[in-house]
Amino acid sequence: TITTDLYSGLATAFQNSGVVNPILEVENTWDKTISYENRYVGSLYAEINLMRNLTFRSTWYADVSNVDTRVYSPLYQAYDPMSNTSYLYNTKTSVSESNTDYKKYQQDYLLTYKKSFSGHNLTALAGFTTYYSGVFGRYAVSSQGTGPTDKPIPNDKRFWYVSNNFGYVLQDGASSNQGEYSTVSGFVRALYNYKNKYYLNATFRDDASSQIPEANRHQNFWSVGAGWELTKEAFMENIKQINFLKLKASVGVLGNQSTYGLATNYPAYPGLTSGTYVPFGTYIVNGALPKYQPNPDLKWETVNASEAGVELTALDNRLHFEANYFNKVTKN
């Protein structure tokens with residue numbers, strides 16, 4: 001007779017296929033994870049007015065965090081509906097622990113010139129920026145032994161650490177993972193308008209990324225945009241139903257070097273794979289090889305985009321309408 005409330009397992013044929021009862025696992029493990037994150041985010045800037053129309057600004061950013069997570073896998077039973085009996089579903093206790101550091105730093109240096117004269121308004125910027133991102137993780141697992149005298153790791157948070165004096169640290173369960181990259185960019189930008197009704201802006205930048213091999217590490221990108229606010233024209237003064245009407249368009253090329261996953265954070269500098277056999281003279285020895293052959297012709301991914309649109313506000317600002325045509329082509 002079963003007198004304890006149990007969640008049902010599944011037939012052996014299903015479990016051998018990797019199919020489990022998710023409620024069984026959730027109800028027995030939902031409170032067995034302890035995770036803390038300490039994060040520090042801050043910025044600092046200094047600004048100097050060099051001349052009446054010329055300003056220099058430096059800004060520094062930092063985002064540093066550490067995430068420590070411990071997961072305990074307890075012993076628990078399940079109900080077998082085929083035989084109307086209970087059985088030990090999770091047969092061995094374990095503790096997994098991960099500790100990961102995240103580091104992000106950015107610094108910007110911006111020179112800004114502003115000038116207005118006879119209806120002309122000009123803002124010109126020249127800047128230099130750097131960005132660094134690094135992830136450094138350490139992982140380990142301590143598992144209950146299989147010997148007759150090996151005891152389970154207690155279901156007590158005081159022992160939910162890799163070094164708990166009950167389990168054994170698994171050699172293949174201890175690892176680390178790290179990746180980092182940085183970018184450096186220089187750019188200029190000009191914003192111009194005449195009487196706040198004709199608008200023109202242009203940007204040119206040189207971007208470099210540590211993820212791109214040296215041959216193509218630096219690449220140039222640009223954009224141009226224009227706008228026309230028709231409601232400030234004389235021929236629109238008598239059309240009272242329209243409060244605001246603007247035409248706009250832009251075209252440009254943007255660079256993208258983002259990759260996902262630590263394994264590809266440094267495609268220009270492959271890591272090593274151990275446990276491989278390599279020739280050394282007349283001998284075959286256990287050594288390490290690069291994880292992959294880097295492509296020396298790798299370039300920035302380029303996004304070619306163009307846009308044209310219209311903005312309309314009418315009927316005493318009770319109606320707003322906006323329509324845009326957008327085209328984007330990604331290459332490389």
# chains A, B, ... in the order shown; residues from 1 in each chain; ligands from 1
>>> residues_around(residues="stretch 161-168 of chain A", least_positions_apart="6", cutoff="8 Å", atoms="only C-alpha atoms", output="JSON, numbers by chain")
{"A": [70, 94, 95, 96, 97, 140, 141, 142, 143, 144, 145, 150, 151, 152, 153]}
>>> residues_around(residues="stretch 234-247 of chain A", least_positions_apart="6", cutoff="9 Å", atoms="only C-alpha atoms", output="mmCIF file with all heavy atoms, in the first residue's frame")
data_model
loop_
_atom_site.group_PDB
_atom_site.id
_atom_site.type_symbol
_atom_site.label_atom_id
_atom_site.label_comp_id
_atom_site.auth_asym_id
_atom_site.auth_seq_id
_atom_site.Cartn_x
_atom_site.Cartn_y
_atom_site.Cartn_z
ATOM 1 N N LYS A 197 12.993 73.611 -41.730
ATOM 2 C CA LYS A 197 12.065 72.952 -42.651
ATOM 3 C C LYS A 197 12.770 72.089 -43.689
ATOM 4 O O LYS A 197 12.170 71.153 -44.221
ATOM 5 C CB LYS A 197 11.153 73.960 -43.334
ATOM 6 C CG LYS A 197 11.843 75.024 -44.167
ATOM 7 C CD LYS A 197 10.797 75.976 -44.765
ATOM 8 C CE LYS A 197 11.443 77.096 -45.573
ATOM 9 N NZ LYS A 197 10.422 78.024 -46.150
ATOM 10 N N ALA A 226 17.558 62.859 -45.431
ATOM 11 C CA ALA A 226 17.014 64.183 -45.734
ATOM 12 C C ALA A 226 15.546 64.224 -45.340
ATOM 13 O O ALA A 226 14.860 63.191 -45.322
ATOM 14 C CB ALA A 226 17.181 64.509 -47.213
ATOM 15 N N GLY A 227 15.076 65.441 -45.016
ATOM 16 C CA GLY A 227 13.679 65.627 -44.672
ATOM 17 C C GLY A 227 13.180 66.991 -45.127
ATOM 18 O O GLY A 227 13.954 67.947 -45.261
ATOM 19 N N TRP A 228 11.861 67.068 -45.353
ATOM 20 C CA TRP A 228 11.244 68.327 -45.803
ATOM 21 C C TRP A 228 9.921 68.485 -45.064
ATOM 22 O O TRP A 228 8.999 67.686 -45.234
ATOM 23 C CB TRP A 228 11.032 68.285 -47.310
ATOM 24 C CG TRP A 228 10.376 69.527 -47.863
ATOM 25 C CD1 TRP A 228 10.295 70.751 -47.288
ATOM 26 C CD2 TRP A 228 9.685 69.631 -49.122
ATOM 27 N NE1 TRP A 228 9.625 71.631 -48.081
ATOM 28 C CE2 TRP A 228 9.234 70.974 -49.237
ATOM 29 C CE3 TRP A 228 9.439 68.747 -50.165
ATOM 30 C CZ2 TRP A 228 8.531 71.423 -50.336
ATOM 31 C CZ3 TRP A 228 8.739 69.206 -51.265
ATOM 32 C CH2 TRP A 228 8.298 70.533 -51.353
ATOM 33 N N ALA A 308 12.048 55.527 -47.184
ATOM 34 C CA ALA A 308 11.337 56.736 -47.589
ATOM 35 C C ALA A 308 9.975 56.720 -46.906
ATOM 36 O O ALA A 308 9.349 55.661 -46.792
ATOM 37 C CB ALA A 308 11.165 56.799 -49.106
ATOM 38 N N GLY A 309 9.549 57.890 -46.419
ATOM 39 C CA GLY A 309 8.296 57.894 -45.689
ATOM 40 C C GLY A 309 7.677 59.264 -45.594
ATOM 41 O O GLY A 309 8.239 60.273 -46.034
ATOM 42 N N VAL A 310 6.485 59.277 -44.985
ATOM 43 C CA VAL A 310 5.734 60.506 -44.797
ATOM 44 C C VAL A 310 5.103 60.472 -43.409
ATOM 45 O O VAL A 310 4.668 59.421 -42.937
ATOM 46 C CB VAL A 310 4.653 60.661 -45.890
ATOM 47 C CG1 VAL A 310 3.698 59.468 -45.902
ATOM 48 C CG2 VAL A 310 3.862 61.947 -45.693
ATOM 49 N N GLU A 311 5.077 61.654 -42.744
ATOM 50 C CA GLU A 311 4.413 61.818 -41.457
ATOM 51 C C GLU A 311 3.352 62.898 -41.596
ATOM 52 O O GLU A 311 3.613 63.956 -42.167
ATOM 53 C CB GLU A 311 5.408 62.215 -40.365
ATOM 54 C CG GLU A 311 6.433 61.153 -40.019
ATOM 55 C CD GLU A 311 7.341 61.589 -38.884
ATOM 56 O OE1 GLU A 311 6.830 62.151 -37.892
ATOM 57 O OE2 GLU A 311 8.562 61.396 -39.005
ATOM 58 N N LEU A 312 2.163 62.623 -41.033
ATOM 59 C CA LEU A 312 1.049 63.551 -41.170
ATOM 60 C C LEU A 312 0.286 63.636 -39.848
ATOM 61 O O LEU A 312 -0.035 62.608 -39.247
ATOM 62 C CB LEU A 312 0.095 63.080 -42.275
ATOM 63 C CG LEU A 312 -1.243 63.821 -42.391
ATOM 64 C CD1 LEU A 312 -1.000 65.255 -42.872
ATOM 65 C CD2 LEU A 312 -2.194 63.079 -43.308
ATOM 66 N N THR A 313 0.032 64.860 -39.392
ATOM 67 C CA THR A 313 -0.849 65.117 -38.257
ATOM 68 C C THR A 313 -1.912 66.112 -38.720
ATOM 69 O O THR A 313 -1.587 67.158 -39.292
ATOM 70 C CB THR A 313 -0.078 65.683 -37.057
ATOM 71 O OG1 THR A 313 0.951 64.766 -36.694
ATOM 72 C CG2 THR A 313 -1.007 65.878 -35.863
ATOM 73 N N ALA A 314 -3.174 65.779 -38.449
ATOM 74 C CA ALA A 314 -4.263 66.602 -38.989
ATOM 75 C C ALA A 314 -5.427 66.690 -38.003
ATOM 76 O O ALA A 314 -5.428 66.043 -36.951
ATOM 77 C CB ALA A 314 -4.744 66.021 -40.317
ATOM 78 N N LEU A 315 -6.410 67.549 -38.385
ATOM 79 C CA LEU A 315 -7.658 67.695 -37.624
ATOM 80 C C LEU A 315 -7.377 68.068 -36.181
ATOM 81 O O LEU A 315 -7.788 67.390 -35.248
ATOM 82 C CB LEU A 315 -8.487 66.413 -37.707
ATOM 83 C CG LEU A 315 -8.827 65.904 -39.120
ATOM 84 C CD1 LEU A 315 -9.588 64.607 -39.060
ATOM 85 C CD2 LEU A 315 -9.569 66.973 -39.911
ATOM 86 N N ASP A 316 -6.672 69.194 -36.020
ATOM 87 C CA ASP A 316 -6.334 69.701 -34.676
ATOM 88 C C ASP A 316 -5.601 68.653 -33.848
ATOM 89 O O ASP A 316 -5.887 68.433 -32.666
ATOM 90 C CB ASP A 316 -7.587 70.170 -33.944
ATOM 91 C CG ASP A 316 -8.197 71.410 -34.604
ATOM 92 O OD1 ASP A 316 -7.432 72.206 -35.183
ATOM 93 O OD2 ASP A 316 -9.426 71.559 -34.542
ATOM 94 N N ASN A 317 -4.648 67.976 -34.478
ATOM 95 C CA ASN A 317 -3.785 66.984 -33.832
ATOM 96 C C ASN A 317 -4.542 65.756 -33.327
ATOM 97 O O ASN A 317 -4.037 65.013 -32.487
ATOM 98 C CB ASN A 317 -3.005 67.614 -32.665
ATOM 99 C CG ASN A 317 -2.071 68.701 -33.126
ATOM 100 O OD1 ASN A 317 -1.322 68.534 -34.090
ATOM 101 N ND2 ASN A 317 -2.111 69.844 -32.449
#
>>> closest_residue(among="A:Lys104, A:Lys115, A:Lys299, A:Lys157", to="A:Asp31", atoms="only C-alpha atoms")
A:Lys157
>>> residues_around(residues="A:Asn155", least_positions_apart="3", cutoff="10 Å", atoms="only C-alpha atoms", output="list of chain:residue names")
A:Lys32, A:Tyr72, A:Ser73, A:Pro74, A:Leu75, A:Thr93, A:Pro152, A:Arg158, A:Phe159, A:Trp160
>>> write_last_selection(atoms="C-alpha atoms", output="mmCIF file, in the first residue's frame")
data_model
loop_
_atom_site.group_PDB
_atom_site.id
_atom_site.type_symbol
_atom_site.label_atom_id
_atom_site.label_comp_id
_atom_site.auth_asym_id
_atom_site.auth_seq_id
_atom_site.Cartn_x
_atom_site.Cartn_y
_atom_site.Cartn_z
ATOM 1 C CA LYS A 32 16.653 23.274 -5.277
ATOM 2 C CA TYR A 72 20.999 20.412 -6.023
ATOM 3 C CA SER A 73 19.587 17.200 -7.497
ATOM 4 C CA PRO A 74 17.796 15.265 -4.704
ATOM 5 C CA LEU A 75 16.625 11.700 -4.311
ATOM 6 C CA THR A 93 22.287 13.119 -5.563
ATOM 7 C CA PRO A 152 23.725 10.920 -0.410
ATOM 8 C CA ARG A 158 24.639 24.209 3.821
ATOM 9 C CA PHE A 159 26.002 21.346 1.697
ATOM 10 C CA TRP A 160 24.965 22.614 -1.731
#
>>> closest_residue(among="A:Ser86, A:Asn99, A:Asn177, A:Asn196", to="A:Leu122", atoms="only C-alpha atoms")
A:Asn196
>>> closest_atom_pairs(of="stretch 283-320 of chain A", to="stretch 267-279 of chain A", cutoff="10 Å", atoms="only C-alpha atoms", output="Markdown table")
| residue | atom | partner | partner_atom | distance |
| --- | --- | --- | --- | --- |
| A:Tyr283 | CA | A:Pro279 | CA | 5.8 |
| A:Ile284 | CA | A:Pro279 | CA | 4.6 |
| A:Val285 | CA | A:Tyr277 | CA | 5.4 |
| A:Asn286 | CA | A:Tyr277 | CA | 4.5 |
| A:Gly287 | CA | A:Thr276 | CA | 5.5 |
| A:Ala288 | CA | A:Ser274 | CA | 4.3 |
| A:Leu289 | CA | A:Thr273 | CA | 5.3 |
| A:Pro290 | CA | A:Leu272 | CA | 4.4 |
| A:Lys291 | CA | A:Leu272 | CA | 5.2 |
| A:Tyr292 | CA | A:Pro270 | CA | 6.1 |
| A:Gln293 | CA | A:Pro270 | CA | 7.4 |
| A:Pro294 | CA | A:Ala268 | CA | 5.7 |
| A:Asn295 | CA | A:Ala268 | CA | 7.5 |
| A:Pro296 | CA | A:Ala268 | CA | 7.8 |
| A:Leu298 | CA | A:Ala268 | CA | 8.5 |
>>> write_last_selection(atoms="N, CA, C and O atoms", output="PDB file, in the first residue's frame")
ATOM      1  N   TYR A 283      56.991  10.288 -34.113  1.00  0.00           N
ATOM      2  CA  TYR A 283      56.098   9.785 -33.068  1.00  0.00           C
ATOM      3  C   TYR A 283      54.704  10.390 -33.222  1.00  0.00           C
ATOM      4  O   TYR A 283      54.529  11.481 -33.759  1.00  0.00           O
ATOM      5  N   ILE A 284      53.739   9.662 -32.712  1.00  0.00           N
ATOM      6  CA  ILE A 284      52.368  10.155 -32.597  1.00  0.00           C
ATOM      7  C   ILE A 284      52.104  10.410 -31.114  1.00  0.00           C
ATOM      8  O   ILE A 284      52.201   9.497 -30.296  1.00  0.00           O
ATOM      9  N   VAL A 285      51.801  11.658 -30.781  1.00  0.00           N
ATOM     10  CA  VAL A 285      51.647  12.028 -29.368  1.00  0.00           C
ATOM     11  C   VAL A 285      50.288  12.687 -29.150  1.00  0.00           C
ATOM     12  O   VAL A 285      49.636  13.155 -30.087  1.00  0.00           O
ATOM     13  N   ASN A 286      49.890  12.707 -27.900  1.00  0.00           N
ATOM     14  CA  ASN A 286      48.639  13.353 -27.516  1.00  0.00           C
ATOM     15  C   ASN A 286      48.891  14.858 -27.420  1.00  0.00           C
ATOM     16  O   ASN A 286      49.770  15.298 -26.674  1.00  0.00           O
ATOM     17  N   GLY A 287      48.133  15.636 -28.162  1.00  0.00           N
ATOM     18  CA  GLY A 287      48.386  17.073 -28.178  1.00  0.00           C
ATOM     19  C   GLY A 287      47.108  17.868 -28.338  1.00  0.00           C
ATOM     20  O   GLY A 287      46.016  17.403 -27.996  1.00  0.00           O
ATOM     21  N   ALA A 288      47.255  19.072 -28.816  1.00  0.00           N
ATOM     22  CA  ALA A 288      46.113  19.981 -28.995  1.00  0.00           C
ATOM     23  C   ALA A 288      46.155  20.586 -30.386  1.00  0.00           C
ATOM     24  O   ALA A 288      47.236  20.849 -30.930  1.00  0.00           O
ATOM     25  N   LEU A 289      44.980  20.804 -30.932  1.00  0.00           N
ATOM     26  CA  LEU A 289      44.848  21.398 -32.255  1.00  0.00           C
ATOM     27  C   LEU A 289      43.873  22.567 -32.185  1.00  0.00           C
ATOM     28  O   LEU A 289      43.010  22.616 -31.300  1.00  0.00           O
ATOM     29  N   PRO A 290      43.993  23.537 -33.101  1.00  0.00           N
ATOM     30  CA  PRO A 290      42.997  24.620 -33.144  1.00  0.00           C
ATOM     31  C   PRO A 290      41.596  24.062 -33.368  1.00  0.00           C
ATOM     32  O   PRO A 290      41.412  23.084 -34.090  1.00  0.00           O
ATOM     33  N   LYS A 291      40.598  24.707 -32.763  1.00  0.00           N
ATOM     34  CA  LYS A 291      39.220  24.242 -32.911  1.00  0.00           C
ATOM     35  C   LYS A 291      38.733  24.379 -34.347  1.00  0.00           C
ATOM     36  O   LYS A 291      37.862  23.633 -34.791  1.00  0.00           O
ATOM     37  N   TYR A 292      39.261  25.347 -35.068  1.00  0.00           N
ATOM     38  CA  TYR A 292      38.852  25.548 -36.447  1.00  0.00           C
ATOM     39  C   TYR A 292      39.936  26.333 -37.165  1.00  0.00           C
ATOM     40  O   TYR A 292      40.818  26.922 -36.548  1.00  0.00           O
ATOM     41  N   GLN A 293      39.867  26.342 -38.474  1.00  0.00           N
ATOM     42  CA  GLN A 293      40.806  27.099 -39.281  1.00  0.00           C
ATOM     43  C   GLN A 293      40.204  28.476 -39.542  1.00  0.00           C
ATOM     44  O   GLN A 293      39.186  28.588 -40.229  1.00  0.00           O
ATOM     45  N   PRO A 294      40.778  29.553 -39.014  1.00  0.00           N
ATOM     46  CA  PRO A 294      40.185  30.879 -39.232  1.00  0.00           C
ATOM     47  C   PRO A 294      40.243  31.279 -40.698  1.00  0.00           C
ATOM     48  O   PRO A 294      41.186  30.954 -41.419  1.00  0.00           O
ATOM     49  N   ASN A 295      39.226  31.977 -41.126  1.00  0.00           N
ATOM     50  CA  ASN A 295      39.142  32.431 -42.510  1.00  0.00           C
ATOM     51  C   ASN A 295      39.795  33.805 -42.622  1.00  0.00           C
ATOM     52  O   ASN A 295      39.263  34.791 -42.114  1.00  0.00           O
ATOM     53  N   PRO A 296      40.941  33.914 -43.288  1.00  0.00           N
ATOM     54  CA  PRO A 296      41.621  35.214 -43.366  1.00  0.00           C
ATOM     55  C   PRO A 296      40.855  36.244 -44.191  1.00  0.00           C
ATOM     56  O   PRO A 296      41.137  37.437 -44.099  1.00  0.00           O
ATOM     57  N   LEU A 298      37.573  36.743 -43.932  1.00  0.00           N
ATOM     58  CA  LEU A 298      36.332  37.113 -43.249  1.00  0.00           C
ATOM     59  C   LEU A 298      36.200  38.625 -43.180  1.00  0.00           C
ATOM     60  O   LEU A 298      37.154  39.333 -42.857  1.00  0.00           O
TER      61      LEU A 298
END
>>> closest_atom_pairs(of="stretch 72-122 of chain A", to="stretch 40-57 of chain A", cutoff="10 Å", atoms="only C-alpha atoms", output="JSON lines")
{"residue": "A:Lys103", "atom": "CA", "partner": "A:Tyr40", "partner_atom": "CA", "distance": 9.9}
{"residue": "A:Lys104", "atom": "CA", "partner": "A:Val41", "partner_atom": "CA", "distance": 9.4}
{"residue": "A:Tyr105", "atom": "CA", "partner": "A:Ser43", "partner_atom": "CA", "distance": 9.8}
{"residue": "A:Gln106", "atom": "CA", "partner": "A:Ser43", "partner_atom": "CA", "distance": 9.3}
{"residue": "A:Gln107", "atom": "CA", "partner": "A:Ser43", "partner_atom": "CA", "distance": 9.5}
{"residue": "A:Asp108", "atom": "CA", "partner": "A:Arg57", "partner_atom": "CA", "distance": 8.0}
{"residue": "A:Tyr109", "atom": "CA", "partner": "A:Arg57", "partner_atom": "CA", "distance": 5.9}
{"residue": "A:Leu110", "atom": "CA", "partner": "A:Arg57", "partner_atom": "CA", "distance": 5.2}
{"residue": "A:Leu111", "atom": "CA", "partner": "A:Phe56", "partner_atom": "CA", "distance": 4.6}
{"residue": "A:Thr112", "atom": "CA", "partner": "A:Thr55", "partner_atom": "CA", "distance": 5.2}
{"residue": "A:Tyr113", "atom": "CA", "partner": "A:Leu54", "partner_atom": "CA", "distance": 4.6}
{"residue": "A:Lys114", "atom": "CA", "partner": "A:Asn53", "partner_atom": "CA", "distance": 5.2}
{"residue": "A:Lys115", "atom": "CA", "partner": "A:Asn53", "partner_atom": "CA", "distance": 6.4}
{"residue": "A:Ser116", "atom": "CA", "partner": "A:Asn53", "partner_atom": "CA", "distance": 9.6}
>>> closest_residue(among="A:Thr183, A:Ser306, A:Gln77, A:Ser176", to="A:Trp222", atoms="only C-alpha atoms")
A:Ser306
>>> select_by_dssp(residues="stretch 9-171 of chain A", states="alpha helix (DSSP H)", output="list in words")
Thr12, Ala13, Phe14, Gln15, Pro22, Ile23, Leu24, Glu25, Val26, Glu27, Asn28 and Thr29 of chain A
>>> write_last_selection(atoms="N, CA and C atoms", output="PDB file, in the first residue's frame")
ATOM      1  N   THR A  12       8.327   2.443 -18.890  1.00  0.00           N
ATOM      2  CA  THR A  12       9.770   2.346 -19.148  1.00  0.00           C
ATOM      3  C   THR A  12      10.104   2.635 -20.604  1.00  0.00           C
ATOM      4  N   ALA A  13       9.240   2.205 -21.517  1.00  0.00           N
ATOM      5  CA  ALA A  13       9.519   2.428 -22.939  1.00  0.00           C
ATOM      6  C   ALA A  13       9.587   3.909 -23.265  1.00  0.00           C
ATOM      7  N   PHE A  14       8.738   4.708 -22.614  1.00  0.00           N
ATOM      8  CA  PHE A  14       8.768   6.149 -22.853  1.00  0.00           C
ATOM      9  C   PHE A  14      10.017   6.768 -22.227  1.00  0.00           C
ATOM     10  N   GLN A  15      10.324   6.380 -20.993  1.00  0.00           N
ATOM     11  CA  GLN A  15      11.465   6.979 -20.299  1.00  0.00           C
ATOM     12  C   GLN A  15      12.777   6.638 -20.979  1.00  0.00           C
ATOM     13  N   PRO A  22       7.032  15.958 -16.812  1.00  0.00           N
ATOM     14  CA  PRO A  22       7.668  17.207 -16.366  1.00  0.00           C
ATOM     15  C   PRO A  22       7.195  17.649 -14.982  1.00  0.00           C
ATOM     16  N   ILE A  23       5.941  17.351 -14.622  1.00  0.00           N
ATOM     17  CA  ILE A  23       5.450  17.739 -13.302  1.00  0.00           C
ATOM     18  C   ILE A  23       6.217  17.007 -12.205  1.00  0.00           C
ATOM     19  N   LEU A  24       6.555  15.755 -12.456  1.00  0.00           N
ATOM     20  CA  LEU A  24       7.331  14.980 -11.486  1.00  0.00           C
ATOM     21  C   LEU A  24       8.652  15.658 -11.178  1.00  0.00           C
ATOM     22  N   GLU A  25       9.338  16.102 -12.207  1.00  0.00           N
ATOM     23  CA  GLU A  25      10.640  16.754 -12.000  1.00  0.00           C
ATOM     24  C   GLU A  25      10.483  18.133 -11.372  1.00  0.00           C
ATOM     25  N   VAL A  26       9.525  18.927 -11.871  1.00  0.00           N
ATOM     26  CA  VAL A  26       9.361  20.289 -11.368  1.00  0.00           C
ATOM     27  C   VAL A  26       8.993  20.291  -9.888  1.00  0.00           C
ATOM     28  N   GLU A  27       8.063  19.432  -9.487  1.00  0.00           N
ATOM     29  CA  GLU A  27       7.600  19.441  -8.101  1.00  0.00           C
ATOM     30  C   GLU A  27       8.674  18.986  -7.119  1.00  0.00           C
ATOM     31  N   ASN A  28       9.661  18.255  -7.589  1.00  0.00           N
ATOM     32  CA  ASN A  28      10.715  17.770  -6.700  1.00  0.00           C
ATOM     33  C   ASN A  28      11.999  18.594  -6.769  1.00  0.00           C
ATOM     34  N   THR A  29      12.082  19.501  -7.744  1.00  0.00           N
ATOM     35  CA  THR A  29      13.338  20.254  -7.902  1.00  0.00           C
ATOM     36  C   THR A  29      13.154  21.753  -7.960  1.00  0.00           C
TER      37      THR A  29
END
>>> closest_residue(among="A:Tyr76, A:Phe117, A:Tyr325, A:Trp60", to="A:Tyr132", atoms="only C-alpha atoms")
A:Trp60
>>> atom_distance(atom1="atom CA of A:Asn21", atom2="atom CA of A:Gly9")
6.0 Å
>>> atom_distance(atom1="atom CA of A:Glu301", atom2="atom CA of A:Tyr102")
25.4 Å
>>> atom_distance(atom1="atom CA of A:Ser223", atom2="atom CA of A:Gln211")
23.6 Å
>>> select_by_dssp(residues="stretch 9-216 of chain A", states="strand (DSSP E)", output="JSON, numbers by chain")
{"A": [33, 34, 35, 36, 37, 38, 39, 40, 41, 42, 43, 44, 45, 46, 47, 48, 49, 54, 55, 56, 57, 58, 59, 60, 61, 62, 63, 64, 65, 66, 67, 68, 69, 70, 71, 72, 73, 76, 77, 78, 79, 80, 85, 86, 87, 88, 89, 90, 94, 95, 96, 97, 98, 99, 100, 101, 102, 103, 104, 105, 106, 107, 108, 109, 110, 111, 112, 113, 114, 115, 116, 117, 120, 121, 122, 123, 124, 125, 126, 127, 128, 129, 130, 131, 132, 133, 134, 135, 136, 137, 138, 139, 140, 141, 142, 143, 168, 169, 175, 176, 177, 178, 179, 180, 181, 182, 183, 184, 185, 186, 187, 188, 189, 190, 191, 192, 193, 194, 198, 199, 200, 201, 202, 203, 204, 205, 206, 207, 208, 209]}
